[in-house]
Every structure is written in structure tokens, then in C-alpha cells.
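Structure file data36.cif with mmCIF, C-alpha atoms:
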```cif
data_model
loop_
_atom_site.group_PDB
_atom_site.id
_atom_site.type_symbol
_atom_site.label_atom_id
_atom_site.label_comp_id
_atom_site.auth_asym_id
_atom_site.auth_seq_id
_atom_site.Cartn_x
_atom_site.Cartn_y
_atom_site.Cartn_z
ATOM 1 C CA MET A 1 -34.691 134.777 154.047
ATOM 2 C CA ALA A 2 -32.162 137.614 154.123
ATOM 3 C CA SER A 3 -30.435 136.391 150.989
ATOM 4 C CA LEU A 4 -33.768 136.142 149.186
ATOM 5 C CA GLN A 5 -34.638 139.753 150.048
ATOM 6 C CA ILE A 6 -31.240 140.955 148.834
ATOM 7 C CA THR A 7 -31.743 139.129 145.564
ATOM 8 C CA ARG A 8 -35.144 140.773 145.038
ATOM 9 C CA VAL A 9 -33.675 144.228 145.720
ATOM 10 C CA LEU A 10 -30.885 143.644 143.230
ATOM 11 C CA ASN A 11 -33.373 142.556 140.581
ATOM 12 C CA VAL A 12 -35.373 145.734 141.096
ATOM 13 C CA VAL A 13 -32.226 147.863 140.834
ATOM 14 C CA ILE A 14 -31.205 146.091 137.640
ATOM 15 C CA LEU A 15 -34.613 146.785 136.154
ATOM 16 C CA ILE A 16 -34.577 150.462 137.170
ATOM 17 C CA LEU A 17 -31.022 151.343 136.097
ATOM 18 C CA PRO A 18 -31.637 151.262 132.303
ATOM 19 C CA TRP A 19 -34.633 153.525 132.678
ATOM 20 C CA ILE A 20 -32.614 155.996 134.758
ATOM 21 C CA TYR A 21 -29.775 155.895 132.182
ATOM 22 C CA VAL A 22 -32.080 156.504 129.246
ATOM 23 C CA THR A 23 -34.096 159.313 130.772
ATOM 24 C CA ASN A 24 -31.399 161.209 132.641
ATOM 25 C CA GLY A 25 -28.109 160.003 131.165
ATOM 26 C CA ALA A 26 -25.634 157.779 132.895
ATOM 27 C CA PHE A 27 -26.605 157.877 136.574
ATOM 28 C CA GLY A 28 -28.611 161.044 135.890
ATOM 29 C CA SER A 29 -25.557 163.382 135.721
ATOM 30 C CA ASN A 30 -25.512 164.473 132.013
ATOM 31 C CA GLY A 31 -27.781 167.390 131.073
ATOM 32 C CA ASP A 32 -25.939 167.873 127.753
ATOM 33 C CA ARG A 33 -27.293 164.648 126.257
ATOM 34 C CA ILE A 34 -30.307 165.152 123.961
ATOM 35 C CA LEU A 35 -32.310 163.026 121.542
ATOM 36 C CA LEU A 36 -31.692 164.400 118.065
ATOM 37 C CA LYS A 37 -35.169 163.664 116.684
ATOM 38 C CA ASP A 38 -36.615 165.888 119.412
ATOM 39 C CA VAL A 39 -34.614 168.896 118.191
ATOM 40 C CA SER A 40 -37.072 171.023 116.214
ATOM 41 C CA ALA A 41 -34.671 173.755 115.048
ATOM 42 C CA LEU A 42 -31.022 174.762 115.029
ATOM 43 C CA THR A 43 -29.554 178.266 114.820
ATOM 44 C CA LEU A 44 -25.975 178.224 113.577
ATOM 45 C CA TYR A 45 -23.429 181.069 113.269
ATOM 46 C CA SER A 46 -20.419 181.531 111.009
ATOM 47 C CA ASN A 47 -18.269 182.896 113.870
ATOM 48 C CA LYS A 48 -19.025 180.185 116.437
ATOM 49 C CA MET A 49 -17.718 176.673 117.077
ATOM 50 C CA THR A 50 -19.574 173.509 117.995
ATOM 51 C CA THR A 51 -19.096 171.778 121.332
ATOM 52 C CA GLY A 52 -17.038 168.593 121.489
ATOM 53 C CA ARG A 53 -16.674 165.699 123.889
ATOM 54 C CA ARG A 54 -15.389 162.741 121.904
ATOM 55 C CA SER A 55 -14.004 164.936 119.105
ATOM 56 C CA SER A 56 -12.653 168.442 118.609
ATOM 57 C CA PRO A 57 -14.997 171.407 118.054
ATOM 58 C CA VAL A 58 -15.528 172.564 114.461
ATOM 59 C CA PRO A 59 -17.092 175.698 112.894
ATOM 60 C CA GLN A 60 -20.881 175.673 113.053
ATOM 61 C CA LEU A 61 -21.077 176.755 109.393
ATOM 62 C CA LYS A 62 -18.766 175.510 106.644
ATOM 63 C CA CYS A 63 -19.137 175.951 102.870
ATOM 64 C CA VAL A 64 -17.703 172.917 101.081
ATOM 65 C CA GLY A 65 -18.436 173.688 97.421
ATOM 66 C CA GLY A 66 -20.959 174.839 94.858
ATOM 67 C CA THR A 67 -20.828 177.275 91.932
ATOM 68 C CA ALA A 68 -20.859 180.276 94.300
ATOM 69 C CA TYR A 69 -18.171 178.898 96.607
ATOM 70 C CA GLY A 70 -15.974 181.775 97.762
ATOM 71 C CA TYR A 71 -18.325 184.501 96.491
ATOM 72 C CA PHE A 72 -20.568 184.743 99.533
ATOM 73 C CA ALA A 73 -21.118 183.149 102.953
ATOM 74 C CA PRO A 74 -24.155 183.677 105.205
ATOM 75 C CA ASP A 75 -23.552 184.804 108.770
ATOM 76 C CA VAL A 76 -26.524 182.985 110.300
ATOM 77 C CA VAL A 77 -28.417 179.881 109.167
ATOM 78 C CA GLN A 78 -31.535 178.353 110.728
ATOM 79 C CA CYS A 79 -32.319 174.693 110.084
ATOM 80 C CA TYR A 80 -35.706 173.111 110.779
ATOM 81 C CA ASN A 81 -36.462 169.445 111.497
ATOM 82 C CA ARG A 82 -38.953 168.288 108.854
ATOM 83 C CA GLY A 83 -39.120 164.668 110.050
ATOM 84 C CA SER A 84 -37.349 161.504 109.025
ATOM 85 C CA ASP A 85 -37.229 159.604 105.766
ATOM 86 C CA GLY A 86 -36.763 156.371 107.722
ATOM 87 C CA ASN A 87 -32.985 156.713 107.798
ATOM 88 C CA ASP A 88 -32.055 160.300 108.539
ATOM 89 C CA ILE A 89 -33.699 163.479 109.742
ATOM 90 C CA GLN A 90 -34.629 165.819 106.916
ATOM 91 C CA TRP A 91 -33.479 169.386 107.533
ATOM 92 C CA GLU A 92 -34.647 172.551 105.794
ATOM 93 C CA CYS A 93 -32.173 175.413 106.152
ATOM 94 C CA ARG A 94 -32.711 179.113 105.499
ATOM 95 C CA ALA A 95 -30.491 182.177 105.530
ATOM 96 C CA THR A 96 -30.700 185.840 104.615
ATOM 97 C CA MET A 97 -29.297 185.974 101.063
ATOM 98 C CA ASP A 98 -30.067 188.045 97.984
ATOM 99 C CA GLY A 99 -31.523 186.507 94.855
ATOM 100 C CA ASP A 100 -28.114 185.608 93.414
ATOM 101 C CA TYR A 101 -27.499 182.648 95.748
ATOM 102 C CA LYS A 102 -29.182 179.469 96.918
ATOM 103 C CA PHE A 103 -28.270 176.451 99.019
ATOM 104 C CA GLY A 104 -27.236 173.252 97.314
ATOM 105 C CA LYS A 105 -26.502 170.067 99.236
ATOM 106 C CA LEU A 106 -26.937 170.303 103.037
ATOM 107 C CA ASP A 107 -25.496 168.072 105.765
ATOM 108 C CA VAL A 108 -26.338 168.643 109.429
ATOM 109 C CA LEU A 109 -23.685 166.831 111.473
ATOM 110 C CA CYS A 110 -23.901 166.200 115.214
ATOM 111 C CA GLU A 111 -21.630 164.288 117.577
ATOM 112 C CA GLY A 112 -23.148 161.061 118.859
ATOM 113 C CA TYR A 113 -23.027 161.177 122.613
ATOM 114 C CA ASP A 114 -21.539 157.749 123.315
ATOM 115 C CA TYR A 115 -20.711 156.452 119.820
ATOM 116 C CA PRO A 116 -21.131 157.407 116.147
ATOM 117 C CA ASN A 117 -24.782 157.353 114.975
ATOM 118 C CA ASP A 118 -25.975 157.425 118.582
ATOM 119 C CA PRO A 119 -29.585 158.753 118.510
ATOM 120 C CA TYR A 120 -28.550 160.875 121.473
ATOM 121 C CA VAL A 121 -26.169 163.699 120.613
ATOM 122 C CA LEU A 122 -24.058 166.178 122.548
ATOM 123 C CA LYS A 123 -25.921 169.423 123.055
ATOM 124 C CA GLY A 124 -24.428 172.200 120.936
ATOM 125 C CA SER A 125 -22.394 169.792 118.795
ATOM 126 C CA CYS A 126 -24.436 170.209 115.598
ATOM 127 C CA GLY A 127 -23.005 172.048 112.614
ATOM 128 C CA LEU A 128 -23.882 172.531 108.967
ATOM 129 C CA GLU A 129 -21.775 171.705 105.925
ATOM 130 C CA TYR A 130 -23.359 173.193 102.811
ATOM 131 C CA GLU A 131 -22.881 173.925 99.138
ATOM 132 C CA LEU A 132 -23.720 177.371 97.793
ATOM 133 C CA ASP A 133 -24.833 177.838 94.183
ATOM 134 C CA PHE A 134 -25.703 180.733 91.908
ATOM 135 C CA THR A 135 -29.300 181.184 90.824
ATOM 136 C CA LYS A 136 -29.940 181.931 87.126
ATOM 137 C CA GLU A 137 -30.019 185.618 87.959
ATOM 138 C CA GLY A 138 -26.824 185.335 89.971
ATOM 139 C CA GLU A 139 -25.057 183.471 87.156
ATOM 140 C CA MET A 140 -26.002 186.251 84.731
ATOM 141 C CA HIS A 141 -24.720 188.909 87.136
ATOM 142 C CA ARG A 142 -21.481 186.988 87.614
ATOM 143 C CA LYS A 143 -20.848 186.810 83.859
ATOM 144 C CA GLN A 144 -21.586 190.526 83.458
ATOM 145 C CA SER A 145 -19.217 191.347 86.293
ATOM 146 C CA GLN A 146 -16.447 189.217 84.794
ATOM 147 C CA SER A 147 -16.976 190.815 81.366
ATOM 148 C CA TYR A 148 -16.779 194.307 82.869
ATOM 149 C CA SER A 149 -13.668 193.443 84.868
ATOM 150 C CA HIS A 150 -11.966 191.978 81.779
ATOM 151 C CA SER A 151 -12.835 195.056 79.704
ATOM 152 C CA HIS A 152 -11.588 197.347 82.463
ATOM 153 C CA ARG A 153 -8.276 195.470 82.642
ATOM 154 C CA ASP A 154 -7.896 195.735 78.837
ATOM 155 C CA ASP A 155 -8.541 199.512 78.936
ATOM 156 C CA GLY A 156 -5.987 199.913 81.659
ATOM 157 C CA HIS A 157 -3.431 197.909 79.685
ATOM 158 C CA SER A 158 -4.107 199.982 76.559
ATOM 159 C CA LYS A 159 -3.750 203.250 78.460
ATOM 160 C CA HIS A 160 -0.553 202.037 80.050
ATOM 161 C CA HIS A 161 0.793 200.990 76.648
ATOM 162 C CA ASN A 162 -0.127 204.352 75.107
ATOM 163 C CA THR A 163 1.482 206.172 78.012
ATOM 164 C CA GLN A 164 4.671 204.176 77.565
ATOM 165 C CA PHE A 165 4.621 204.875 73.813
ATOM 166 C CA GLY A 166 4.093 208.585 74.429
ATOM 167 C CA THR A 167 6.923 208.629 76.936
ATOM 168 C CA GLN A 168 9.226 206.820 74.518
ATOM 169 C CA SER A 169 8.206 209.174 71.673
ATOM 170 C CA GLY A 170 8.870 212.201 73.850
ATOM 171 C CA SER A 171 12.240 210.794 74.821
ATOM 172 C CA VAL A 172 13.221 210.185 71.180
ATOM 173 C CA PHE A 173 12.091 213.676 70.198
ATOM 174 C CA GLY A 174 14.118 215.151 73.040
ATOM 175 C CA HIS A 175 17.231 213.275 71.884
ATOM 176 C CA LEU A 176 16.727 214.435 68.310
ATOM 177 C CA LEU A 177 16.250 218.029 69.463
ATOM 178 C CA PHE A 178 19.432 217.857 71.533
ATOM 179 C CA VAL A 179 21.468 216.390 68.662
ATOM 180 C CA GLY A 180 20.088 219.029 66.280
ATOM 181 C CA GLY A 181 21.022 221.821 68.693
ATOM 182 C CA VAL A 182 24.553 220.491 69.028
ATOM 183 C CA ALA A 183 24.845 220.239 65.244
ATOM 184 C CA VAL A 184 23.711 223.879 64.855
ATOM 185 C CA VAL A 185 26.245 225.067 67.423
ATOM 186 C CA ILE A 186 29.034 223.115 65.695
ATOM 187 C CA TYR A 187 28.003 224.562 62.327
ATOM 188 C CA ILE A 188 28.012 228.127 63.698
ATOM 189 C CA VAL A 189 31.463 227.660 65.252
ATOM 190 C CA TYR A 190 32.726 226.144 62.006
ATOM 191 C CA LYS A 191 31.363 229.038 59.935
ATOM 192 C CA THR A 192 32.856 231.542 62.367
ATOM 193 C CA CYS A 193 36.294 229.933 62.161
ATOM 194 C CA LEU A 194 36.070 229.686 58.345
ATOM 195 C CA SER A 195 35.158 233.368 58.030
ATOM 196 C CA SER A 196 38.035 234.348 60.309
ATOM 197 C CA ASN A 197 40.542 232.360 58.207
ATOM 198 C CA THR A 198 39.211 233.897 54.970
ATOM 199 C CA ALA A 199 39.558 237.441 56.348
ATOM 200 C CA GLU A 200 43.132 236.753 57.502
ATOM 201 C CA THR A 201 44.081 235.397 54.072
ATOM 202 C CA SER A 202 42.633 238.527 52.384
ATOM 203 C CA ARG A 203 44.670 240.830 54.634
ATOM 204 C CA ASP A 204 47.907 238.936 53.813
ATOM 205 C CA ASP A 205 47.226 239.220 50.089
ATOM 206 C CA SER A 206 46.532 242.952 50.466
ATOM 207 C CA HIS A 207 49.866 243.538 52.211
ATOM 208 C CA ARG A 208 51.753 241.684 49.508
ATOM 209 C CA SER A 209 50.024 243.618 46.727
ATOM 210 C CA SER A 210 50.801 247.059 48.267
ATOM 211 C CA GLY A 211 54.578 246.630 47.555
ATOM 212 C CA PHE A 212 54.090 245.733 43.896
ATOM 213 C CA ARG A 213 52.989 248.471 41.469
ATOM 214 C CA GLY A 214 52.274 246.828 38.200
ATOM 215 C CA ASN A 215 54.768 245.443 35.712
ATOM 216 C CA PRO A 216 58.113 247.364 35.628
ATOM 217 C CA GLN A 217 58.595 249.409 32.434
ATOM 218 C CA PRO A 218 61.894 249.031 30.467
ATOM 219 C CA PRO A 219 64.153 252.143 30.464
ATOM 220 C CA PRO A 220 63.907 254.464 27.457
ATOM 221 C CA TYR A 221 66.111 253.796 24.426
ATOM 222 C CA GLY A 222 69.645 254.995 24.902
ATOM 223 C CA PHE A 223 69.360 255.067 28.701
ATOM 224 C CA ARG A 224 72.227 253.489 30.556
ATOM 225 C CA SER A 225 72.184 253.233 34.202
ATOM 226 C CA GLU A 226 75.932 253.573 34.554
ATOM 227 C CA TYR A 227 75.807 257.145 33.344
ATOM 228 C CA MET A 228 75.210 259.747 35.913
ATOM 229 C CA PRO A 229 72.740 262.506 35.271
ATOM 230 C CA GLY A 230 74.189 265.527 33.559
ATOM 231 C CA GLN A 231 76.550 263.453 31.371
ATOM 232 C CA ALA A 232 76.046 263.453 27.651
ATOM 233 C CA PHE A 233 75.900 260.271 25.752
ATOM 234 C CA LEU A 234 78.152 260.287 22.791
#
```

Please, can you express the file's structure as C-alpha cells?
Amino acid sequence: MASLQITRVLNVVILILPWIYVTNGAFGSNGDRILLKDVSALTLYSNKMTTGRRSSPVPQLKCVGGTAYGYFAPDVVQCYNRGSDGNDIQWECRATMDGDYKFGKLDVLCEGYDYPNDPYVLKGSCGLEYELDFTKEGEMHRKQSQSYSHSHRDDGHSKHHNTQFGTQSGSVFGHLLFVGGVAVVIYIVYKTCLSSNTAETSRDDSHRSSGFRGNPQPPPYGFRSEYMPGQAFL
């Protein structure tokens, strides 16, 4: 009789254990285990990390592509559970963005509590990987901004080139002015020296001319230098 009662108790325990596990987690000790389809909304932040039990935490928000990748990133995104398509939960995500941007592909990823694709997930483990695209208006603004930036760079290059040319022109003019000044100084010194030599030559010629008084005249007829004055010439 005792063994029969023990067997009945064990059967009851075996029947109750799965129910306890499903409703309260393993042995009722895990309050961080939630059924994903019961999650109506998620609020995710760019500066926060997910929780992790079987894997490492990751950023709650991560941009993985799109035409506007790198141009903008929302700080906060709210995702709403819009039901299942028979395979996966369909999420609608919204963020405060201007009219230049829109969400592309969205993937809400959560860590299965006991194994991958577990319908129960770790609380706080959900994150969003998204693509961000330009709207038509945003694409037009982007092209205008790129055109303006390109034109501004060209103007800057032209001004820089003109400044360099002006600096080079000024430098060449300064060299020419210096060379011309040196040439003028050399010419003045040369003229001064030439004038001094000319004046010296004139003075030498004047001294030589002062000792010469015309052509010497021949003595009168009958004059002999060997006769002294007062003697008659016979």
C-alpha cells in the first residue's frame, strides 16, 4: 500500500512540474523570462545595451545600412507589436526624425531564453537593427548640399591659387626692382668714375700746353747766335 501511494504522488508531481516550469520558469525562480508575443511595445535607446544571458549584450539600436547611413541616427525608437504573419511577429517602429529620413528594413532581435527561436525571451534582451533611407525630399537636400560644398571647395581653391599667383608676382616684381636699383647705383658710380678720369686727363693736358707757346720762329736773316750783342757783323 505504501509503495502504491508513493507512486501516485510521483505521478502527480510529474504532471504538475511542466505547468510550474511554463508559468513561472524553471522551478519558479526566473522573473526575467517573458513570452515574446505578449510584448506589446519596446522602447529602445541609442546609448543603452541589451541584457544578455547566453550571449553578450549588444547596442539596443544599430544602423546597418540604407542610403542615409552615417548621415543621421535616432536617439530613441519605439516598436509596436502588430501581430504575427504566422512565422514572425510584425513590428512597426517609429522615431522622431525630420522629413529627410525614413526607416527601411527593420529587424527586432531578442535572445531566446533557453535556446535560439525560443518563444520565451530574456527580458531586456531585445534590440533593433535597421536601415535608414533618404526620402525624396531628403535626397534633393543631400544633392543640393553636395553641390554647394563642391562649389565652395572650388572657390577656396581658386582664391588660394590667385593668392599664390599674387604672392609670386609680388616676389618677381620685388626682385626686378632690386636688380634695377643695383643697376642704377652701378651706373651712377661708373659715370662718377668716368667723369673724374676725364677731368684728370684735361688737367694734365693743360699743364703740358702751358710750357709750349706756339711754333718757334726762325731768327732774323743775318742773326748768328755766336755773336754777342754789341758786335757788328761784317

>> Neighbouring residues of A:Ala68 were defined as those with any atom within 7 Å, considering only C-alpha atoms; residues of the same chain fewer than 4 positions away were excluded. Please report them as a list in words.
In response: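 Counting only the stated atoms, we get Phe72, Leu132, Asp133 and Phe134 of chain A.
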
>> Could you tell me how far atom CA of A:Tyr190 sits from atom CA of A:Phe178, in Å to one decimal place?
In response: 18.3 Å

Any chance you could tabulate, as a Markdown table, the residues of stretch 114-154 of chain A at most 12 Å from stretch 61-67 of chain A with each one's nearest atom pair and distance in Å to one decimal, using all atoms listed in the file, in chain and rising number order?
```
| residue | atom | partner | partner_atom | distance |
| --- | --- | --- | --- | --- |
| A:Ser125 | CA | A:Leu61 | CA | 11.8 |
| A:Cys126 | CA | A:Leu61 | CA | 9.6 |
| A:Gly127 | CA | A:Leu61 | CA | 6.0 |
| A:Leu128 | CA | A:Leu61 | CA | 5.1 |
| A:Glu129 | CA | A:Lys62 | CA | 4.9 |
| A:Tyr130 | CA | A:Cys63 | CA | 5.0 |
| A:Glu131 | CA | A:Gly65 | CA | 4.8 |
| A:Leu132 | CA | A:Gly66 | CA | 4.8 |
| A:Asp133 | CA | A:Thr67 | CA | 4.6 |
| A:Phe134 | CA | A:Thr67 | CA | 6.0 |
| A:Thr135 | CA | A:Thr67 | CA | 9.4 |
| A:Lys136 | CA | A:Thr67 | CA | 11.3 |
| A:Gly138 | CA | A:Thr67 | CA | 10.2 |
| A:Glu139 | CA | A:Thr67 | CA | 8.9 |
| A:Arg142 | CA | A:Thr67 | CA | 10.6 |
```

>> Could you tell me, as a list in words, exactly which residues end up selected when the PyMOL selection byres ((chain A and resi 81) around 10) is applied to this structure?
In response: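 Evaluating the PyMOL selection byres ((chain A and resi 81) around 10) on these coordinates yields Leu36, Lys37, Asp38, Val39, Ser40, Ala41, Leu42, Cys79, Tyr80, Arg82, Gly83, Ser84, Ile89, Gln90, Trp91, Glu92 and Cys93 of chain A.
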
With C-alpha atoms retained, write the just-selected residues as a PDB file, keeping the file's coordinate frame.
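So the final result, stored in out-v9.pdb, reads:
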```pdb
ATOM      1  CA  LEU A  36     -31.692 164.400 118.065  1.00  0.00           C
ATOM      2  CA  LYS A  37     -35.169 163.664 116.684  1.00  0.00           C
ATOM      3  CA  ASP A  38     -36.615 165.888 119.412  1.00  0.00           C
ATOM      4  CA  VAL A  39     -34.614 168.896 118.191  1.00  0.00           C
ATOM      5  CA  SER A  40     -37.072 171.023 116.214  1.00  0.00           C
ATOM      6  CA  ALA A  41     -34.671 173.755 115.048  1.00  0.00           C
ATOM      7  CA  LEU A  42     -31.022 174.762 115.029  1.00  0.00           C
ATOM      8  CA  CYS A  79     -32.319 174.693 110.084  1.00  0.00           C
ATOM      9  CA  TYR A  80     -35.706 173.111 110.779  1.00  0.00           C
ATOM     10  CA  ARG A  82     -38.953 168.288 108.854  1.00  0.00           C
ATOM     11  CA  GLY A  83     -39.120 164.668 110.050  1.00  0.00           C
ATOM     12  CA  SER A  84     -37.349 161.504 109.025  1.00  0.00           C
ATOM     13  CA  ILE A  89     -33.699 163.479 109.742  1.00  0.00           C
ATOM     14  CA  GLN A  90     -34.629 165.819 106.916  1.00  0.00           C
ATOM     15  CA  TRP A  91     -33.479 169.386 107.533  1.00  0.00           C
ATOM     16  CA  GLU A  92     -34.647 172.551 105.794  1.00  0.00           C
ATOM     17  CA  CYS A  93     -32.173 175.413 106.152  1.00  0.00           C
TER      18      CYS A  93
END
```

>> I'd like to know which of A:Leu176, A:Val184, A:Gln78, A:Lys143 is closest to A:Val108, using all atoms listed in the file.
In response: A:Gln78

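We find atom CA of A:Tyr120 and atom CA of A:Leu35 to be spaced 4.3 Å apart.
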
Is there a way to get, as a PDB file with C-alpha atoms, in the coordinates of the input, all residues within 8 Å of the point (-25.9, 182.0, 103.8) in file coordinates, counting all atoms listed in the file?
```pdb
ATOM      1  CA  PHE A  72     -20.568 184.743  99.533  1.00  0.00           C
ATOM      2  CA  ALA A  73     -21.118 183.149 102.953  1.00  0.00           C
ATOM      3  CA  PRO A  74     -24.155 183.677 105.205  1.00  0.00           C
ATOM      4  CA  ASP A  75     -23.552 184.804 108.770  1.00  0.00           C
ATOM      5  CA  VAL A  76     -26.524 182.985 110.300  1.00  0.00           C
ATOM      6  CA  VAL A  77     -28.417 179.881 109.167  1.00  0.00           C
ATOM      7  CA  ARG A  94     -32.711 179.113 105.499  1.00  0.00           C
ATOM      8  CA  ALA A  95     -30.491 182.177 105.530  1.00  0.00           C
ATOM      9  CA  THR A  96     -30.700 185.840 104.615  1.00  0.00           C
ATOM     10  CA  MET A  97     -29.297 185.974 101.063  1.00  0.00           C
ATOM     11  CA  PHE A 103     -28.270 176.451  99.019  1.00  0.00           C
ATOM     12  CA  LEU A 132     -23.720 177.371  97.793  1.00  0.00           C
TER      13      LEU A 132
END
```

> Just so the selection is clear, what residues does the PyMOL selection byres ((chain A and resi 122-124) around 7) cover here, as a PyMOL selection string?
Replying inline: chain A and resi 32-34+50-51+111-113+121+125-126

Could those selected residues go to a file with C-alpha atoms, as a PDB file, in the coordinates of the input?
```pdb
ATOM      1  CA  ASP A  32     -25.939 167.873 127.753  1.00  0.00           C
ATOM      2  CA  ARG A  33     -27.293 164.648 126.257  1.00  0.00           C
ATOM      3  CA  ILE A  34     -30.307 165.152 123.961  1.00  0.00           C
ATOM      4  CA  THR A  50     -19.574 173.509 117.995  1.00  0.00           C
ATOM      5  CA  THR A  51     -19.096 171.778 121.332  1.00  0.00           C
ATOM      6  CA  GLU A 111     -21.630 164.288 117.577  1.00  0.00           C
ATOM      7  CA  GLY A 112     -23.148 161.061 118.859  1.00  0.00           C
ATOM      8  CA  TYR A 113     -23.027 161.177 122.613  1.00  0.00           C
ATOM      9  CA  VAL A 121     -26.169 163.699 120.613  1.00  0.00           C
ATOM     10  CA  SER A 125     -22.394 169.792 118.795  1.00  0.00           C
ATOM     11  CA  CYS A 126     -24.436 170.209 115.598  1.00  0.00           C
TER      12      CYS A 126
END
```

> atom CA of A:Gly70 and atom CA of A:Cys110, how far apart in Å?
Replying inline: 24.7 Å

> Which residue gives the smallest distance to A:Pro119 among A:Asp88, A:Met49, A:Ser55, A:Lys105, with all atoms listed in the file counted?
Replying inline: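 Using all atoms listed in the file, A:Pro119 sits closest to A:Asp88.
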